[in-house]
Structure formats: structure tokens, C-alpha cells
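The structure under discussion appears below in the form of C-alpha cells.
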Amino acid sequence: MRIIYSSILVLLFSSLAHAEFEPWKDYEMSDEVYQVTTIKVASNMGDVYLEGLAKTWVTSMEVSKELGQVEDYAIYRSQMPASGDFNLILTVTYANTADLAPNKEKYDAFMKAFTQKQVDETNEYAKTQYPDIRVITGDYQMRRITIK
């Protein structure tokens, strides 16, 4: 019986090892790049954190979106906030990898639209409020995969 089970396992794993799934032939990757940040917000602080995001992150994302520097952004919150390693996700969608590269013209345009006063207020709020109510648990750059 052991020989039969061993043979089945060997056949199963050898067929998996020979899989020939190839990019652009069997699946495509999006040009868009998704910046995904996972966050653990402290219990009963979800709305406080959202209020802070509205003052800081959302404001800057709106400016970036108006300038065409990002395609879109979103906030996702778990319906079960006490479970798992994170309970909030922030996403930013860039048109392509080039939009992630440092760019002086884009920086200058952003700083003209998002004033130094706003930068200072955002930084001060983030430094004083966020450490007590959240922990960033992960930061990822992802692409959408489409299976053909």
C-alpha cells in the first residue's frame, strides 16, 4: 500500500514540477501597478483613523489624482476589525511602473498644488496621532494577473 501511495505522490508532484505556465502566453500582467498598504488599526479607533486619513492621505491623493500622477486610490476596511494581521487596506493605482519613478517636474507640480503649509500640517498630524492608533503591517506593489 505504501508503494502505491508513494507512486501516486511522485506522479502528482512530478506533473506539478513540469507545469509550463508562461507570461503573455498563458496570462497577462497589467501595465497598472497597485500600491497596497495593510494596516492594523487599534480597536475602537477605526473612525478616528479614517478622520485622520481624510485630513492627510485622501487630501494628498486627490491632488495627485487631479494632476494625473495616480489613476485612483481607495480605502478598504474589514467588517471584522479585530481579526487578522490587518483590518484596513489603502490602495493607489498607478498607470505604469514609470509613474513610480522619482520625477522632479511631478514633485514640483504636486508641491505647488499641495502647499508647504498642508505638507507641514499633514506631517504634524501623522507624527502625533497615527503612532497611537495604527501599525503598518505591509506594503506591496502588485499587478493584476489575467489568465487567458
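Starting from 1 in every chain, residues are counted up; chains themselves are A, B, ... following the order of the C-alpha cells, and ligands are numbered from 1 as listed.
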
task: Using backbone DSSP assignments, extract all strand (DSSP E) residues from region 1-147 of chain A; output them as a VMD selection string.
output: chain A and resid 27 to 29 33 to 41 72 to 77 88 to 94 134 to 142 145 to 147

task: Mind checking which residues fall within 12 Å of Pro131 (chain A), counting only C-alpha atoms, ignoring those fewer than 5 positions away in the same chain, and posting them as a list in words?
output: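 Listing them by chain and then by number gives Ile39, Lys40, Val41, Ala42, Met45, Tyr49, Gly52, Glu124, Tyr125, Ala126 and Ile136 of chain A.
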
field: DSSP-assigned helix (DSSP H, G or I) members of region 20-143 of chain A, reported as JSON, numbers by chain
entry: {"A": [46, 47, 48, 49, 50, 51, 52, 53, 54, 55, 57, 58, 59, 60, 61, 62, 63, 64, 65, 66, 97, 98, 99, 100, 104, 105, 106, 107, 108, 109, 110, 111, 112, 113, 116, 117, 118, 119, 120, 121, 122, 123, 124, 125, 126, 127, 128, 129, 130, 131, 132, 133]}

Neighbouring residues of Asn44 (chain A) were defined as those with any atom within 10 Å, considering only C-alpha atoms; residues of the same chain fewer than 4 positions away were excluded. Please report them as an mmCIF file with C-alpha atoms, in the first residue's frame.
```cif
data_model
loop_
_atom_site.group_PDB
_atom_site.id
_atom_site.type_symbol
_atom_site.label_atom_id
_atom_site.label_comp_id
_atom_site.auth_asym_id
_atom_site.auth_seq_id
_atom_site.Cartn_x
_atom_site.Cartn_y
_atom_site.Cartn_z
ATOM 1 C CA VAL A 48 -10.647 58.252 14.296
ATOM 2 C CA TYR A 49 -8.128 56.862 11.828
ATOM 3 C CA PRO A 81 -11.851 44.652 12.536
ATOM 4 C CA ALA A 82 -10.477 42.560 15.419
ATOM 5 C CA ILE A 133 -3.815 54.225 16.716
#
```

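CA of Ala113 (chain A) is found 11.4 Å from CA of Lys65 (chain A).
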
Given only C-alpha atoms as the counted atoms, nearest of A:Leu50, A:Glu22, A:Thr97, A:Thr56 to Gln141 (chain A): A:Thr97

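Across the model, the gap from CA of Val119 (chain A) to CA of Arg134 (chain A) is 20.4 Å.
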
message: Could you check the closest approach to Asp108 (chain A) for each of A:Gln69, A:Tyr27, A:Asn87, A:Val36 and tell me which residue wins, using only C-alpha atoms?
response: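 Once distances to Asp108 (chain A) are computed over only C-alpha atoms, the minimum belongs to A:Gln69.
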
message: From the options A:Thr137, A:Lys127, A:Glu121, A:Phe110, which residue's atoms come nearest to Lys55 (chain A), counting only C-alpha atoms?
response: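 Comparing A:Thr137, A:Lys127, A:Glu121, A:Phe110 against Lys55 (chain A), the winner is A:Glu121.
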